[in-house]
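*Asks:* What follows is target-v1.cif, mmCIF, C-alpha atoms.
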data_target
#
loop_
_atom_site.group_PDB
_atom_site.id
_atom_site.type_symbol
_atom_site.label_atom_id
_atom_site.label_comp_id
_atom_site.auth_asym_id
_atom_site.auth_seq_id
_atom_site.Cartn_x
_atom_site.Cartn_y
_atom_site.Cartn_z
ATOM 1 C CA THR T 600 10.309 14.773 -2.664
ATOM 2 C CA THR T 601 10.020 11.417 -0.945
ATOM 3 C CA LEU T 602 7.640 8.936 -2.532
ATOM 4 C CA PHE T 603 5.409 6.831 -0.322
ATOM 5 C CA ARG T 604 2.644 4.449 -1.333
ATOM 6 C CA SER T 605 0.008 2.897 0.849
ATOM 7 C CA VAL T 606 -2.614 0.296 0.018
ATOM 8 C CA GLY T 607 -5.856 0.123 1.942
ATOM 9 C CA CYS T 608 -9.169 -1.627 1.715
ATOM 10 C CA GLY T 609 -12.572 -0.941 3.183
ATOM 11 C CA LEU T 610 -12.717 1.560 6.024
ATOM 12 C CA MET T 611 -8.935 1.783 6.157
ATOM 13 C CA VAL T 612 -8.789 3.704 2.865
ATOM 14 C CA GLU T 613 -10.040 6.792 4.710
ATOM 15 C CA VAL T 614 -7.344 6.325 7.371
ATOM 16 C CA ALA T 615 -4.699 6.017 4.649
ATOM 17 C CA MET T 616 -6.012 9.159 2.917
ATOM 18 C CA LYS T 617 -5.750 11.157 6.145
ATOM 19 C CA ALA T 618 -2.197 9.897 6.643
ATOM 20 C CA ALA T 619 -1.337 10.918 3.071
ATOM 21 C CA GLU T 620 -2.650 14.431 3.760
ATOM 22 C CA GLU T 621 -0.452 14.694 6.861
ATOM 23 C CA LEU T 622 2.589 13.434 4.947
ATOM 24 C CA LYS T 623 1.954 16.004 2.209
ATOM 25 C CA LYS T 624 2.225 18.756 4.835
ATOM 26 C CA GLU T 625 5.735 17.435 5.547
ATOM 27 C CA GLY T 626 6.708 17.472 1.880
ATOM 28 C CA ILE T 627 6.272 13.753 1.371
ATOM 29 C CA ASN T 628 4.526 12.723 -1.839
ATOM 30 C CA ALA T 629 2.094 9.993 -0.793
ATOM 31 C CA ALA T 630 -0.387 8.011 -2.870
ATOM 32 C CA VAL T 631 -3.146 5.714 -1.683
ATOM 33 C CA ILE T 632 -4.337 2.687 -3.609
ATOM 34 C CA ASN T 633 -7.904 1.617 -2.864
ATOM 35 C CA ALA T 634 -7.751 -2.165 -3.008
ATOM 36 C CA TYR T 635 -11.522 -2.505 -3.064
ATOM 37 C CA CYS T 636 -11.192 -6.193 -3.884
ATOM 38 C CA ILE T 637 -8.411 -8.403 -2.537
ATOM 39 C CA LYS T 638 -9.262 -11.397 -4.717
ATOM 40 C CA PRO T 639 -8.708 -10.760 -7.497
ATOM 41 C CA LEU T 640 -6.187 -8.109 -6.530
ATOM 42 C CA ALA T 641 -5.506 -5.366 -9.094
ATOM 43 C CA GLU T 642 -1.962 -6.609 -9.663
ATOM 44 C CA ASN T 643 -1.241 -4.186 -12.502
ATOM 45 C CA VAL T 644 -1.999 -1.182 -10.243
ATOM 46 C CA ILE T 645 0.047 -2.592 -7.352
ATOM 47 C CA LEU T 646 3.021 -3.243 -9.646
ATOM 48 C CA GLU T 647 2.764 0.175 -11.318
ATOM 49 C CA TYR T 648 3.079 1.910 -7.956
ATOM 50 C CA ALA T 649 5.632 -0.543 -6.552
ATOM 51 C CA LYS T 650 8.011 0.287 -9.404
ATOM 52 C CA LYS T 651 7.770 4.016 -8.595
ATOM 53 C CA THR T 652 8.728 3.823 -4.932
ATOM 54 C CA LYS T 653 11.031 2.216 -2.408
ATOM 55 C CA ALA T 654 8.335 1.596 0.192
ATOM 56 C CA MET T 655 4.750 0.410 0.202
ATOM 57 C CA VAL T 656 2.589 0.013 3.283
ATOM 58 C CA THR T 657 -0.663 -1.866 3.609
ATOM 59 C CA VAL T 658 -3.242 -0.552 6.050
ATOM 60 C CA GLU T 659 -5.481 -3.216 7.550
ATOM 61 C CA ASP T 660 -7.891 -3.469 10.457
ATOM 62 C CA HIS T 661 -7.717 -7.224 10.906
ATOM 63 C CA SER T 662 -5.206 -10.064 11.096
ATOM 64 C CA VAL T 663 -2.234 -9.559 8.800
ATOM 65 C CA ILE T 664 -2.105 -13.301 8.126
ATOM 66 C CA GLY T 665 -3.617 -14.005 4.728
ATOM 67 C CA GLY T 666 -4.881 -10.437 4.322
ATOM 68 C CA LEU T 667 -4.128 -7.520 2.070
ATOM 69 C CA GLY T 668 -0.457 -7.321 3.056
ATOM 70 C CA ALA T 669 0.112 -10.963 2.188
ATOM 71 C CA ALA T 670 -1.592 -10.475 -1.190
ATOM 72 C CA VAL T 671 0.481 -7.376 -2.004
ATOM 73 C CA ALA T 672 3.688 -9.105 -0.872
ATOM 74 C CA GLN T 673 2.923 -12.108 -3.051
ATOM 75 C CA VAL T 674 2.529 -9.917 -6.140
ATOM 76 C CA THR T 675 5.510 -7.647 -5.499
ATOM 77 C CA SER T 676 7.914 -10.405 -4.431
ATOM 78 C CA ALA T 677 7.257 -12.306 -7.640
ATOM 79 C CA LYS T 678 7.354 -9.398 -10.084
ATOM 80 C CA CYS T 679 9.014 -6.412 -8.379
ATOM 81 C CA PRO T 680 11.142 -7.676 -5.460
ATOM 82 C CA ARG T 681 11.611 -5.406 -2.441
ATOM 83 C CA SER T 682 12.627 -6.089 1.113
ATOM 84 C CA GLU T 683 9.617 -6.867 3.282
ATOM 85 C CA GLU T 684 8.762 -6.144 6.873
ATOM 86 C CA HIS T 685 5.545 -7.270 8.502
ATOM 87 C CA THR T 686 4.189 -5.708 11.656
ATOM 88 C CA SER T 687 0.871 -5.218 13.360
ATOM 89 C CA GLU T 688 -0.086 -2.473 15.740
#
Can I see the file as structure tokens?

*Replies:*
Amino acid sequence: TTLFRSVGCGLMVEVAMKAAEELKKEGINAAVINAYCIKPLAENVILEYAKKTKAMVTVEDHSVIGGLGAAVAQVTSAKCPRSEEHTSE
């Protein structure tokens, strides 16, 4: 089973949950982290999930500059390094 983690905040948590349901239908084990507060970010939760997977995705509905993705990348790059890719669509 492939492991996939996504992190969302606000209204995007529901979008991430729907995506996780679709991935489950394809046999992909997906988890969603509700980052209800970006500052302070729940670093211990982010790191716990980052260590269990090869990929994490943040789901945002605004500029990626200085947002949730940047906060997650800051935590993971310092304490659980992974390759990073930033995109917006």

*Asks:* What do you get, as number ranges by chain, if you spell out every residue that the PyMOL selection byres ((chain T and resi 604-607) around 6) selects here?

*Replies:* T: 603, 608, 611-612, 629-634, 655-658

*Asks:* Where's the centre, and what are the edge lengths in Å to one decimal, of a box along x, y and z enclosing all listed atoms of stretch 664-667 of chain T padded 5 Å per side, as JSON?

*Replies:*
{"center_x": -3.5, "center_y": -10.8, "center_z": 5.1, "size_x": 12.8, "size_y": 16.5, "size_z": 16.1}

*Asks:* List the residues selected by the PyMOL selection byres ((chain T and resi 641-648) around 7) in the file shown, writing them as a ChimeraX atom specification.

*Replies:* /T:639-640,649-652,674-675,679

*Asks:* Ranking T:Lys653, T:His661, T:Lys624, T:Lys638 by minimum distance to T:Pro680 and counting all atoms listed in the file, which one comes first?

*Replies:*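 Result for the nearest residue to T:Pro680: T:Lys653.
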
*Asks:* Running the PyMOL selection byres ((chain T and resi 667) around 8) on this model by hand, what would come out? Give it as number ranges by chain.

*Replies:* T: 607-608, 637, 657, 659, 663, 665-666, 668-671

*Asks:* Calculate how many Å separate atom CA of T:Ile664 from atom CA of T:Glu613, rounding to one decimal.

*Replies:*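 Separation of atom CA of T:Ile664 and atom CA of T:Glu613: 21.9 Å.
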
*Asks:* One decimal, in Å: what's the spacing between atom CA of T:Gly609 and atom CA of T:Lys623?

*Replies:*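 Spanning atom CA of T:Gly609 to atom CA of T:Lys623 is a straight-line distance of 22.3 Å.
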
*Asks:* How far is it from atom CA of T:Arg681 to atom CA of T:Ala654, in Å with one decimal?

*Replies:*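 Interatomic distance, atom CA of T:Arg681 to atom CA of T:Ala654: 8.2 Å.
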